[in-house]
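Just upload06.txt here, compact mmCIF, C-alpha atoms:
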# COMPACT_ATOMS: atom_id res chain seq x y z
CA MET A 29 41.28 50.15 100.63
CA ARG A 30 43.95 50.72 97.98
CA GLN A 31 42.47 47.89 95.91
CA TRP A 32 39.01 49.45 96.02
CA TYR A 33 40.39 52.91 95.19
CA ARG A 34 42.35 51.63 92.18
CA SER A 35 39.26 49.91 90.77
CA ALA A 36 36.80 52.71 91.62
CA SER A 37 35.21 54.83 88.94
CA PRO A 38 36.24 58.51 88.68
CA GLY A 39 32.91 59.39 90.27
CA GLY A 40 33.57 57.02 93.16
CA ARG A 41 36.99 58.54 93.80
CA ARG A 42 35.62 62.06 93.72
CA ALA A 43 32.80 61.01 96.05
CA PHE A 44 35.35 59.60 98.50
CA TRP A 45 37.47 62.75 98.62
CA ALA A 46 34.47 65.04 98.67
CA THR A 47 32.90 63.15 101.58
CA PHE A 48 36.24 62.94 103.38
CA GLY A 49 36.71 66.68 102.92
CA GLY A 50 33.20 67.46 104.12
CA TRP A 51 33.68 65.35 107.25
CA ALA A 52 37.10 66.92 107.91
CA LEU A 53 35.55 70.37 107.63
CA GLU A 54 32.76 69.35 109.98
CA GLY A 55 35.30 67.99 112.46
CA ALA A 56 37.26 71.24 112.26
CA ASP A 57 34.20 73.42 112.83
CA ALA A 58 32.70 71.19 115.52
CA GLN A 59 35.86 71.04 117.63
CA ILE A 60 36.38 74.80 117.73
CA TYR A 61 33.88 75.12 120.57
CA GLY A 62 35.69 72.72 122.87
CA LEU A 63 38.98 74.56 122.29
CA VAL A 64 37.61 78.04 122.95
CA LEU A 65 35.33 77.03 125.84
CA PRO A 66 37.95 77.85 128.53
CA THR A 67 38.32 81.31 126.96
CA LEU A 68 34.58 81.92 126.80
CA THR A 69 34.23 80.73 130.39
CA ALA A 70 36.77 83.33 131.51
CA LEU A 71 35.51 86.20 129.31
CA TRP A 72 31.77 85.73 129.87
CA HIS A 73 31.99 84.16 133.35
CA LEU A 74 30.18 81.02 132.22
CA THR A 75 29.65 78.06 134.51
CA ASN A 76 30.52 74.52 133.45
CA GLY A 77 26.78 73.91 133.28
CA GLN A 78 26.30 76.70 130.74
CA GLY A 79 29.26 75.45 128.73
CA GLY A 80 27.80 71.96 128.62
CA LEU A 81 24.33 73.31 127.76
CA ALA A 82 25.65 75.07 124.65
CA SER A 83 27.14 71.77 123.50
CA SER A 84 23.98 69.84 124.34
CA VAL A 85 21.71 72.21 122.41
CA THR A 86 23.98 71.77 119.39
CA LEU A 87 23.66 67.99 119.62
CA VAL A 88 19.86 68.16 119.71
CA CYS A 89 19.83 70.29 116.56
CA THR A 90 22.41 67.96 115.00
CA ALA A 91 20.05 65.04 115.50
CA LEU A 92 17.17 66.95 113.95
CA GLY A 93 19.27 68.02 110.97
CA GLY A 94 20.59 64.50 110.47
CA TRP A 95 17.20 62.87 110.25
CA LEU A 96 15.74 65.58 108.01
CA ALA A 97 18.74 65.54 105.66
CA GLY A 98 18.77 61.74 105.52
CA ALA A 99 15.09 61.67 104.57
CA ALA A 100 15.64 64.47 102.05
CA SER A 101 18.51 62.57 100.44
CA ASP A 102 16.16 59.60 99.92
CA ARG A 103 13.46 61.82 98.45
CA TRP A 104 15.62 63.98 96.19
CA ASP A 105 19.38 63.84 95.54
CA ARG A 106 22.13 62.83 97.97
CA VAL A 107 24.78 65.07 96.41
CA ALA A 108 22.53 68.15 96.37
CA VAL A 109 21.66 67.65 100.05
CA LEU A 110 25.36 67.26 100.82
CA ARG A 111 26.18 70.57 99.13
CA PHE A 112 23.41 72.38 100.97
CA THR A 113 24.31 71.09 104.44
CA ILE A 114 28.01 71.94 104.07
CA ALA A 115 27.19 75.48 102.97
CA TRP A 116 24.75 75.76 105.88
CA TYR A 117 27.12 74.79 108.67
CA ALA A 118 30.03 76.74 107.19
CA VAL A 119 28.01 79.98 107.29
CA ALA A 120 26.60 79.12 110.73
CA THR A 121 30.13 78.57 112.06
CA ALA A 122 31.16 82.04 110.92
CA LEU A 123 28.08 83.51 112.63
CA VAL A 124 29.15 82.05 115.97
CA GLY A 125 32.16 84.35 115.80
CA PHE A 126 29.77 87.33 116.04
CA ALA A 127 28.08 86.11 119.24
CA ASP A 128 28.03 88.78 121.95
CA GLY A 129 26.79 86.67 124.83
CA PHE A 130 25.53 83.29 125.95
CA GLU A 131 22.07 83.67 124.37
CA SER A 132 23.35 84.51 120.88
CA LEU A 133 25.94 81.74 121.23
CA LEU A 134 23.12 79.24 121.83
CA ALA A 135 21.18 80.47 118.80
CA PHE A 136 24.11 80.25 116.39
CA ARG A 137 25.20 76.89 117.77
CA CYS A 138 21.69 75.58 116.99
CA LEU A 139 22.15 76.59 113.36
CA GLN A 140 25.55 74.89 113.35
CA GLY A 141 24.08 71.67 114.65
CA ILE A 142 21.45 71.38 111.91
CA GLY A 143 24.19 71.44 109.28
CA PHE A 144 26.49 69.06 111.19
CA GLY A 145 23.92 66.28 111.34
CA GLY A 146 22.83 66.72 107.74
CA GLU A 147 26.32 66.48 106.24
CA TRP A 148 27.06 63.04 107.67
CA ALA A 149 23.60 61.65 106.95
CA ALA A 150 23.91 62.41 103.22
CA GLY A 151 27.66 61.89 102.86
CA ALA A 152 27.99 58.52 104.59
CA VAL A 153 25.12 57.04 102.60
CA LEU A 154 26.58 58.39 99.36
CA ILE A 155 30.00 56.81 99.81
CA SER A 156 28.55 53.53 101.15
CA GLU A 157 26.63 53.15 97.88
CA TYR A 158 29.79 53.56 95.82
CA VAL A 159 31.72 50.82 97.67
CA THR A 160 31.29 47.05 97.51
CA THR A 161 30.61 45.08 100.67
CA ARG A 162 34.16 43.73 100.82
CA TYR A 163 35.67 47.19 101.33
CA ARG A 164 32.78 49.20 102.75
CA GLY A 165 34.04 49.19 106.33
CA ARG A 166 37.50 50.36 105.31
CA ALA A 167 36.14 53.09 103.05
CA LEU A 168 33.77 54.44 105.70
CA GLY A 169 36.49 54.24 108.36
CA ALA A 170 38.81 56.23 106.09
CA VAL A 171 36.09 58.84 105.57
CA GLN A 172 35.56 59.03 109.35
CA SER A 173 39.28 59.66 109.86
CA GLY A 174 38.69 63.03 108.23
CA TRP A 175 37.23 64.11 111.58
CA ALA A 176 40.63 63.71 113.24
CA VAL A 177 42.30 65.56 110.36
CA GLY A 178 39.89 68.46 110.76
CA TRP A 179 40.38 68.51 114.53
CA ALA A 180 44.16 68.57 114.06
CA LEU A 181 43.92 71.51 111.64
CA THR A 182 41.73 73.37 114.12
CA LEU A 183 44.18 72.71 116.94
CA ALA A 184 47.08 74.00 114.84
CA ALA A 185 45.16 77.13 113.85
CA TYR A 186 44.15 77.78 117.47
CA SER A 187 47.73 77.46 118.71
CA VAL A 188 48.80 80.10 116.19
CA LEU A 189 45.92 82.50 116.77
CA VAL A 190 46.20 82.56 120.56
CA ALA A 191 49.87 83.40 120.14
CA VAL A 192 49.33 86.38 117.81
CA LEU A 193 45.90 87.76 118.77
CA PRO A 194 44.38 89.00 122.02
CA GLN A 195 42.27 86.39 123.78
CA ALA A 196 39.07 88.35 123.11
CA TRP A 197 39.66 88.15 119.34
CA ALA A 198 41.39 84.79 118.92
CA TRP A 199 38.24 82.77 119.66
CA ARG A 200 36.20 84.84 117.18
CA ALA A 201 38.81 84.40 114.45
CA MET A 202 38.64 80.65 114.94
CA PHE A 203 34.94 80.59 114.06
CA TRP A 204 35.38 82.99 111.16
CA LEU A 205 38.02 80.72 109.66
CA GLY A 206 35.52 77.88 109.75
CA VAL A 207 33.78 79.18 106.62
CA LEU A 208 36.80 79.12 104.29
CA PRO A 209 37.25 75.39 103.50
CA ALA A 210 33.61 75.12 102.41
CA LEU A 211 34.52 76.73 99.09
CA LEU A 212 36.94 73.90 98.30
CA VAL A 213 34.54 71.18 99.38
CA LEU A 214 31.69 72.62 97.32
CA ALA A 215 33.96 72.66 94.28
CA LEU A 216 34.74 68.97 94.78
CA ARG A 217 31.04 68.13 94.48
CA ARG A 218 31.15 68.70 90.70
CA GLY A 219 30.96 65.57 88.57
CA ILE A 220 29.68 63.33 91.38
CA ALA A 221 26.52 61.38 90.59
CA ASP A 222 23.94 59.92 92.95
CA PRO A 223 24.28 56.16 92.19
CA THR A 224 20.84 55.14 93.49
CA ALA A 225 18.69 58.08 92.38
CA ASP A 226 16.78 56.15 89.70
CA GLN A 227 16.12 53.19 91.97
CA ARG A 228 14.73 55.45 94.74
CA ARG A 229 12.44 57.21 92.26
CA ARG A 230 10.96 53.82 91.35
CA GLU A 231 10.66 52.71 94.98
CA LYS A 232 9.17 55.77 96.62
CA ALA A 233 8.90 55.32 100.38
CA SER A 234 8.05 57.34 103.44
CA PRO A 235 10.82 58.00 105.99
CA THR A 236 8.45 56.60 108.63
CA GLU A 237 8.95 53.14 107.09
CA ILE A 238 11.94 52.68 109.41
CA PHE A 239 9.47 52.44 112.33
CA ARG A 240 7.33 49.72 110.77
CA PRO A 241 7.54 45.99 111.58
CA GLY A 242 10.57 44.45 109.96
CA LEU A 243 12.73 47.53 110.49
CA LEU A 244 11.57 48.73 113.90
CA ARG A 245 13.93 46.46 115.86
CA VAL A 246 17.05 47.57 114.00
CA THR A 247 15.93 51.20 114.28
CA VAL A 248 15.52 50.97 118.06
CA PHE A 249 18.83 49.23 118.73
CA GLY A 250 20.59 51.27 116.07
CA ALA A 251 19.47 54.45 117.82
CA LEU A 252 20.66 53.05 121.17
CA LEU A 253 24.03 52.27 119.60
CA GLY A 254 24.20 55.82 118.27
CA LEU A 255 23.33 57.07 121.75
CA GLY A 256 26.13 55.09 123.37
CA SER A 257 28.68 56.06 120.76
CA HIS A 258 27.92 59.79 120.80
CA GLY A 259 27.17 60.00 124.50
CA GLY A 260 30.60 58.66 125.38
CA TYR A 261 32.44 60.65 122.76
CA TYR A 262 30.88 64.02 123.52
CA ALA A 263 30.95 63.58 127.29
CA LEU A 264 34.69 63.06 126.89
CA THR A 265 35.73 65.49 124.15
CA THR A 266 33.54 68.48 125.03
CA PHE A 267 35.35 69.00 128.31
CA LEU A 268 38.71 67.48 127.41
CA PRO A 269 40.45 70.85 126.82
CA THR A 270 38.83 72.22 130.00
CA TYR A 271 39.92 69.13 131.95
CA LEU A 272 43.51 69.53 130.80
CA HIS A 273 43.46 73.24 131.60
CA THR A 274 41.66 73.28 134.97
CA THR A 275 42.35 69.83 136.45
CA ARG A 276 45.78 69.10 134.99
CA HIS A 277 46.72 72.82 135.10
CA LEU A 278 48.25 72.82 131.65
CA SER A 279 48.77 75.94 129.54
CA VAL A 280 47.25 76.33 126.08
CA MET A 281 50.44 75.00 124.50
CA GLY A 282 50.68 72.16 127.03
CA SER A 283 47.07 71.19 126.43
CA SER A 284 47.68 71.31 122.68
CA GLY A 285 50.39 68.66 122.99
CA HIS A 286 48.08 66.33 124.91
CA LEU A 287 45.26 66.92 122.45
CA ALA A 288 47.58 66.25 119.53
CA VAL A 289 48.40 62.81 120.95
CA PHE A 290 44.69 62.11 121.49
CA ILE A 291 43.90 63.21 117.91
CA ALA A 292 46.69 61.08 116.44
CA GLY A 293 45.28 58.07 118.27
CA SER A 294 41.81 58.93 116.97
CA PHE A 295 43.01 59.06 113.36
CA LEU A 296 44.50 55.57 113.62
CA GLY A 297 41.41 54.35 115.49
CA TYR A 298 39.09 55.30 112.64
CA LEU A 299 41.23 53.46 110.10
CA ALA A 300 41.73 50.39 112.29
CA SER A 301 38.02 50.17 113.09
CA GLY A 302 37.07 50.23 109.41
CA TRP A 303 39.59 47.51 108.61
CA LEU A 304 38.52 45.33 111.55
CA SER A 305 34.83 45.66 110.72
CA ASP A 306 35.57 44.10 107.33
CA ARG A 307 37.61 41.33 108.94
CA ILE A 308 35.79 40.29 112.11
CA GLY A 309 32.31 41.70 111.50
CA ARG A 310 30.47 44.94 112.25
CA ARG A 311 29.08 43.92 115.66
CA ARG A 312 32.24 42.39 117.09
CA ASN A 313 34.20 45.43 116.04
CA VAL A 314 31.89 47.84 117.88
CA VAL A 315 31.79 45.68 121.03
CA LEU A 316 35.58 45.34 121.05
CA PHE A 317 36.18 49.09 120.82
CA ALA A 318 33.48 49.89 123.39
CA LEU A 319 34.99 47.53 125.96
CA CYS A 320 38.46 48.90 125.31
CA CYS A 321 37.09 52.41 125.87
CA LEU A 322 35.94 51.38 129.33
CA VAL A 323 39.38 49.95 130.12
CA THR A 324 41.31 53.04 128.98
CA LEU A 325 38.91 55.71 130.28
CA VAL A 326 39.40 55.11 134.00
CA PRO A 327 43.21 55.33 134.14
CA TYR A 328 43.26 58.48 132.02
CA LEU A 329 40.78 60.38 134.16
CA LEU A 330 40.98 58.94 137.66
CA LEU A 331 44.52 57.68 138.30
CA PRO A 332 47.37 60.03 139.35
CA LEU A 333 49.39 59.45 136.20
CA GLY A 334 51.29 62.72 136.06
CA ASP A 335 51.71 64.81 132.93
CA LEU A 336 53.80 62.25 131.04
CA GLY A 337 51.50 59.38 131.97
CA THR A 338 48.44 61.36 130.90
CA LEU A 339 50.12 62.24 127.62
CA ILE A 340 50.86 58.58 126.87
CA ALA A 341 47.43 57.37 128.02
CA GLY A 342 45.74 59.83 125.67
CA ALA A 343 46.82 57.84 122.59
CA PRO A 344 44.91 54.59 123.34
CA LEU A 345 41.92 56.53 124.66
CA GLY A 346 41.73 58.51 121.42
CA PHE A 347 42.22 55.31 119.42
CA PHE A 348 39.40 53.36 121.03
CA SER A 349 36.92 56.25 121.42
CA ALA A 350 37.17 56.93 117.67
CA GLY A 351 36.80 53.27 116.77
CA ILE A 352 33.12 53.07 117.70
CA PRO A 353 31.82 55.83 115.38
CA GLY A 354 34.38 54.65 112.82
CA GLY A 355 32.50 51.36 112.51
CA LEU A 356 28.94 52.72 112.40
CA GLY A 357 28.77 54.01 108.83
CA ALA A 358 28.99 50.61 107.15
CA LEU A 359 26.75 48.92 109.73
CA PHE A 360 23.91 51.43 109.48
CA ALA A 361 24.07 51.55 105.67
CA GLU A 362 23.68 47.76 105.49
CA LEU A 363 20.74 47.65 107.89
CA TYR A 364 18.33 49.50 105.58
CA PRO A 365 17.04 49.10 102.02
CA THR A 366 18.05 51.74 99.49
CA ARG A 367 14.71 53.56 99.47
CA VAL A 368 15.01 54.52 103.18
CA ARG A 369 18.75 54.18 103.74
CA GLY A 370 19.27 57.90 104.25
CA ALA A 371 16.39 58.18 106.70
CA GLY A 372 17.48 55.09 108.63
CA GLN A 373 21.14 55.98 108.84
CA GLY A 374 20.37 59.62 109.59
CA PHE A 375 17.99 58.61 112.38
CA CYS A 376 20.18 55.99 114.07
CA TYR A 377 23.43 57.92 113.84
CA ASN A 378 21.91 61.20 114.98
CA LEU A 379 18.94 60.43 117.22
CA GLY A 380 21.36 59.16 119.82
CA ARG A 381 22.67 62.69 119.92
CA ILE A 382 19.34 63.97 121.32
CA VAL A 383 19.59 61.82 124.44
CA SER A 384 23.38 62.02 124.54
CA ALA A 385 22.97 65.80 124.37
CA ALA A 386 22.21 65.61 128.07
CA PHE A 387 25.63 64.14 128.79
CA PRO A 388 27.78 67.28 128.33
CA ALA A 389 25.24 69.33 130.30
CA LEU A 390 25.11 66.74 133.11
CA VAL A 391 28.89 66.52 133.20
CA GLY A 392 29.05 70.29 133.55
CA TYR A 393 26.42 70.50 136.28
CA LEU A 394 27.70 67.53 138.32
CA SER A 395 31.33 68.58 138.10
CA GLY A 396 30.75 70.88 141.06
CA ARG A 397 29.88 67.87 143.25
CA LEU A 398 31.87 64.99 141.80
CA GLY A 399 34.70 66.86 140.14
CA LEU A 400 35.14 67.21 136.41
CA ALA A 401 37.19 64.03 135.90
CA ALA A 402 34.77 61.79 137.83
CA SER A 403 31.76 63.30 136.02
CA ILE A 404 33.28 62.64 132.61
CA ALA A 405 34.24 59.08 133.59
CA LEU A 406 30.74 58.33 134.93
CA PHE A 407 28.73 59.40 131.91
CA ALA A 408 31.21 58.30 129.26
CA GLY A 409 31.48 54.89 130.93
CA LEU A 410 27.70 54.42 131.00
CA ALA A 411 27.47 55.40 127.35
CA TYR A 412 30.16 52.99 126.17
CA ALA A 413 28.55 50.15 128.13
CA LEU A 414 25.25 50.91 126.37
CA ALA A 415 26.99 50.87 122.99
CA ALA A 416 28.39 47.40 123.63
CA ILE A 417 24.99 46.01 124.69
CA ALA A 418 23.09 47.59 121.77
CA ALA A 419 25.59 46.26 119.21
CA THR A 420 25.00 42.68 120.35
CA CYS A 421 21.26 43.10 119.66
CA LEU A 422 21.72 44.06 116.00
CA PRO A 423 22.15 41.60 113.12
CA GLU A 424 25.58 41.05 111.60
CA THR A 425 25.71 42.73 108.17
CA ARG A 426 29.31 42.28 107.02
CA ASP A 427 28.44 39.98 104.11
CA ARG A 428 25.27 41.83 103.15
CA GLU A 429 25.23 43.20 99.60
CA LEU A 430 23.36 46.41 98.92
CA PRO A 431 20.74 45.96 96.18
CA HIS A 432 22.75 47.95 93.64
CA ASP A 433 26.26 46.78 94.60
CA PRO A 434 28.55 46.53 91.57
CA ALA A 435 30.14 43.18 90.86
CA PRO A 436 33.27 42.74 93.00
CA VAL A 437 36.59 43.05 91.22
CA ALA A 438 38.69 39.88 91.24
CA TYR A 439 42.19 40.39 92.60
CA PRO A 440 44.57 37.50 91.89
CA GLU A 441 46.55 38.18 95.06
CA ARG A 442 43.46 37.76 97.28
CA THR A 443 41.01 35.15 96.13
CA ALA A 444 40.18 33.52 99.45
CA LYS A 445 36.97 34.47 101.19
CA LEU A 446 37.19 36.74 104.18
CA PRO A 447 36.96 34.92 107.52
CA ARG A 448 33.52 34.89 109.08
Starting from the file, lay out its structure as structure tokens.
Amino acid sequence: MRQWYRSASPGGRRAFWATFGGWALEGADAQIYGLVLPTLTALWHLTNGQGGLASSVTLVCTALGGWLAGAASDRWDRVAVLRFTIAWYAVATALVGFADGFESLLAFRCLQGIGFGGEWAAGAVLISEYVTTRYRGRALGAVQSGWAVGWALTLAAYSVLVAVLPQAWAWRAMFWLGVLPALLVLALRRGIADPTADQRRREKASPTEIFRPGLLRVTVFGALLGLGSHGGYYALTTFLPTYLHTTRHLSVMGSSGHLAVFIAGSFLGYLASGWLSDRIGRRRNVVLFALCCLVTLVPYLLLPLGDLGTLIAGAPLGFFSAGIPGGLGALFAELYPTRVRGAGQGFCYNLGRIVSAAFPALVGYLSGRLGLAASIALFAGLAYALAAIAATCLPETRDRELPHDPAPVAYPERTAKLPR
């Protein structure tokens, strides 16, 4: 990663930090809901089912926004779409702070979701087209780690606000703060070019091309992989603060410590997944992390570990649950030609969110019968198993050059080919 960064053009470096910042901001804004959900449940007397429904509706809109923004970035300009989607979800996040009930919360969360999906669809494709094949996994994994950074910032802000503000105002302030970092991210967009704009203008294509013979198979299994990745992640993280508060009976500060360990593990998981995908291949990397998720999920949720044991077990669970989405950016970018790369990546990464949107809602509704921990374990486990199966059905793309890839830079200290 350092070698790529040293050799990258100024535009490539700015694109990396701008995309990293946009993803960190999205992670910060997206994770606010999970943190304030116990508060909203108490203030508005929401059921777990309603809490899960608000998350599920957001995921459906995220999927819609992701596909539309991906197709738009193929048709027009990736950087312009990126700017627009970040501004959109930043404003929508602030609007959530004005919600006065469950219905308005649903409406504003829908607007949030459209921006969430669009930012990743345009940003991930943009940075993948700046990086050579040799370092693409590491670069995309590093960008994905911005999600953990944003989540950590949100957790820190929440710990401060609940200590100084009344409960009825602290949750609103969290959403209002979500608009501020957008100003910095929008400023970073200056001077960043779209590296494939001319090529896409010459090769005009319809976004429906991803469903035609030749690409249909990778689209189907790519969408199933996105479903498994997001289904497991959101089934786990949507209710993680609630699980720590209601099942483990931890205070806000106690829950914050457990979440901090989980987030730290996630940050390392994103980086490790990107590095491994360049070393062992995109498919093997996803399968490895999915299987490890299954192994670490059960002890964390179902065994009587005690507070210390749960704290320690949160680190590997965060590490492996982040590793699956951390490896998807490079894989999806390499599955599609440049003319429909945005549409393909936006569809696969986000369509899984439509089906996986049912997971938080089902967890919430079934928690009354099975218990919250067992419900999370059931649906997250099914999702991670699906991710492992879908990954094995996709082609390996680690050595695949994008049509416009720049010539690799020769580094004297590393001239041997990467292991296959």
Selection: 8 Å around Leu110 (chain A), only C-alpha atoms, excl. self and same-chain fewer than 4 positions, as a PDB file with C-alpha atoms, keeping the file's coordinate frame:
ATOM      1  CA  ARG A 106      22.130  62.830  97.970  1.00  0.00           C
ATOM      2  CA  ILE A 114      28.010  71.940 104.070  1.00  0.00           C
ATOM      3  CA  GLY A 146      22.830  66.720 107.740  1.00  0.00           C
ATOM      4  CA  GLU A 147      26.320  66.480 106.240  1.00  0.00           C
ATOM      5  CA  ALA A 150      23.910  62.410 103.220  1.00  0.00           C
ATOM      6  CA  GLY A 151      27.660  61.890 102.860  1.00  0.00           C
TER       7      GLY A 151
END
Practice task
Using CA of Ser301 (chain A) and CA of Asn313 (chain A) as the two end points, give the distance in Å to one decimal.
Solution key: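 For CA of Ser301 (chain A) relative to CA of Asn313 (chain A), the distance reads 6.8 Å.
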Problem - Pick from A:Leu400, A:Val109, A:Leu356, A:Val207 nearest to Leu422 (chain A), counting all atoms listed in the file - result: A:Leu356
Exercise for the section: Give me, please, the distance in Å between CA of Arg164 (chain A) and CA of Ala358 (chain A), quoted to one decimal. Expected result: 6.0 Å
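The protein and nucleic acid residues lying at most 10 Å from Phe348 (chain A) are Gly293, Ser294, Leu296, Gly297, Tyr298, Ala300, Ser301, Val314, Leu316, Phe317, Ala318, Leu319, Cys320, Cys321, Leu322, Val323, Thr324, Leu325, Ala343, Pro344, Leu345, Gly351, Ile352, Pro353 and Gly354 of chain A, with all atoms listed in the file considered and sequence neighbours fewer than 3 positions away removed.
Checking A:Val315, A:Leu189, A:Ala149, A:Leu134 one by one against Ala413 (chain A), counting all atoms listed in the file, you find the shortest gap at A:Val315.
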Exercise for the section: Compare A:Pro241, A:Gly165, A:Gly334, A:Pro38 by their minimum atom-to-atom distance to Phe360 (chain A), counting all atoms listed in the file, and give me the closest one. Expected result: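 Once distances to Phe360 (chain A) are computed over all atoms listed in the file, the minimum belongs to A:Gly165.
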Practice task
Give the answer as one residue: which of A:Gly346, A:Gly125, A:Pro194, A:Gly80 has the shortest atom-to-atom distance to Ala263 (chain A), using all atoms listed in the file?
Solution key: A:Gly80
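Here CA of Ala99 (chain A) and CA of Cys138 (chain A) stand 19.8 Å from one another.
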Problem - Proximity to Tyr61 (chain A) - best of A:Leu329, A:Leu264, A:Ala82, A:Leu299, only C-alpha atoms - result: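 The answer is A:Ala82, which sits nearest to Tyr61 (chain A).
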Practice task
Could you check which of A:Met202, A:Leu410, A:Ala100, A:Ala350 is closest to Phe126 (chain A), using all atoms listed in the file?
Solution key: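 Among A:Met202, A:Leu410, A:Ala100, A:Ala350, it is A:Met202 that comes nearest to Phe126 (chain A).
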Practice task
Find the spatial neighbours of Ser305 (chain A), counting all atoms listed in the file, within a cut-off of 8 Å - ignore same-chain residues fewer than 4 positions away - and output them as a ChimeraX atom specification.
Solution key: /A:165-166,301,309-313,355,426
Problem - Leu154 (chain A) surroundings by all atoms listed in the file, 12 Å radius, close-in-sequence under 4 positions cut, as a PyMOL selection string - result: chain A and resi 39-48+98+101-102+105-110+147-150+158-159+164+167-168+171+217+220-225+357-358+361+366+369-370+373
Selection above as a file: C-alpha atoms, as a PDB file, in the frame of the given file:
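Everything below was put into again28.pdb:
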ATOM      1  CA  GLY A  39      32.910  59.390  90.270  1.00  0.00           C
ATOM      2  CA  GLY A  40      33.570  57.020  93.160  1.00  0.00           C
ATOM      3  CA  ARG A  41      36.990  58.540  93.800  1.00  0.00           C
ATOM      4  CA  ARG A  42      35.620  62.060  93.720  1.00  0.00           C
ATOM      5  CA  ALA A  43      32.800  61.010  96.050  1.00  0.00           C
ATOM      6  CA  PHE A  44      35.350  59.600  98.500  1.00  0.00           C
ATOM      7  CA  TRP A  45      37.470  62.750  98.620  1.00  0.00           C
ATOM      8  CA  ALA A  46      34.470  65.040  98.670  1.00  0.00           C
ATOM      9  CA  THR A  47      32.900  63.150 101.580  1.00  0.00           C
ATOM     10  CA  PHE A  48      36.240  62.940 103.380  1.00  0.00           C
ATOM     11  CA  GLY A  98      18.770  61.740 105.520  1.00  0.00           C
ATOM     12  CA  SER A 101      18.510  62.570 100.440  1.00  0.00           C
ATOM     13  CA  ASP A 102      16.160  59.600  99.920  1.00  0.00           C
ATOM     14  CA  ASP A 105      19.380  63.840  95.540  1.00  0.00           C
ATOM     15  CA  ARG A 106      22.130  62.830  97.970  1.00  0.00           C
ATOM     16  CA  VAL A 107      24.780  65.070  96.410  1.00  0.00           C
ATOM     17  CA  ALA A 108      22.530  68.150  96.370  1.00  0.00           C
ATOM     18  CA  VAL A 109      21.660  67.650 100.050  1.00  0.00           C
ATOM     19  CA  LEU A 110      25.360  67.260 100.820  1.00  0.00           C
ATOM     20  CA  GLU A 147      26.320  66.480 106.240  1.00  0.00           C
ATOM     21  CA  TRP A 148      27.060  63.040 107.670  1.00  0.00           C
ATOM     22  CA  ALA A 149      23.600  61.650 106.950  1.00  0.00           C
ATOM     23  CA  ALA A 150      23.910  62.410 103.220  1.00  0.00           C
ATOM     24  CA  TYR A 158      29.790  53.560  95.820  1.00  0.00           C
ATOM     25  CA  VAL A 159      31.720  50.820  97.670  1.00  0.00           C
ATOM     26  CA  ARG A 164      32.780  49.200 102.750  1.00  0.00           C
ATOM     27  CA  ALA A 167      36.140  53.090 103.050  1.00  0.00           C
ATOM     28  CA  LEU A 168      33.770  54.440 105.700  1.00  0.00           C
ATOM     29  CA  VAL A 171      36.090  58.840 105.570  1.00  0.00           C
ATOM     30  CA  ARG A 217      31.040  68.130  94.480  1.00  0.00           C
ATOM     31  CA  ILE A 220      29.680  63.330  91.380  1.00  0.00           C
ATOM     32  CA  ALA A 221      26.520  61.380  90.590  1.00  0.00           C
ATOM     33  CA  ASP A 222      23.940  59.920  92.950  1.00  0.00           C
ATOM     34  CA  PRO A 223      24.280  56.160  92.190  1.00  0.00           C
ATOM     35  CA  THR A 224      20.840  55.140  93.490  1.00  0.00           C
ATOM     36  CA  ALA A 225      18.690  58.080  92.380  1.00  0.00           C
ATOM     37  CA  GLY A 357      28.770  54.010 108.830  1.00  0.00           C
ATOM     38  CA  ALA A 358      28.990  50.610 107.150  1.00  0.00           C
ATOM     39  CA  ALA A 361      24.070  51.550 105.670  1.00  0.00           C
ATOM     40  CA  THR A 366      18.050  51.740  99.490  1.00  0.00           C
ATOM     41  CA  ARG A 369      18.750  54.180 103.740  1.00  0.00           C
ATOM     42  CA  GLY A 370      19.270  57.900 104.250  1.00  0.00           C
ATOM     43  CA  GLN A 373      21.140  55.980 108.840  1.00  0.00           C
TER      44      GLN A 373
END
Exercise for the section: Find the spatial neighbours of Ala176 (chain A), counting all atoms listed in the file, within a cut-off of 7 Å - ignore same-chain residues fewer than 4 positions away - and output them as a list in words. Expected result: Gly55, Ala180, Ile291, Ser294 and Phe295 of chain A
Please produce a file of those selected residues containing C-alpha atoms, as a CSV table (one decimal), in the coordinates of the input.
chain,number,residue,atom,x,y,z
A,55,GLY,CA,35.3,68.0,112.5
A,180,ALA,CA,44.2,68.6,114.1
A,291,ILE,CA,43.9,63.2,117.9
A,294,SER,CA,41.8,58.9,117.0
A,295,PHE,CA,43.0,59.1,113.4
Handout entry: Within 12 Å of file point (32.4, 79.0, 129.5), counting all atoms listed in the file, expressed as a PyMOL selection string
Key = chain A and resi 61-83+129-130+133+266-267+269-270+392
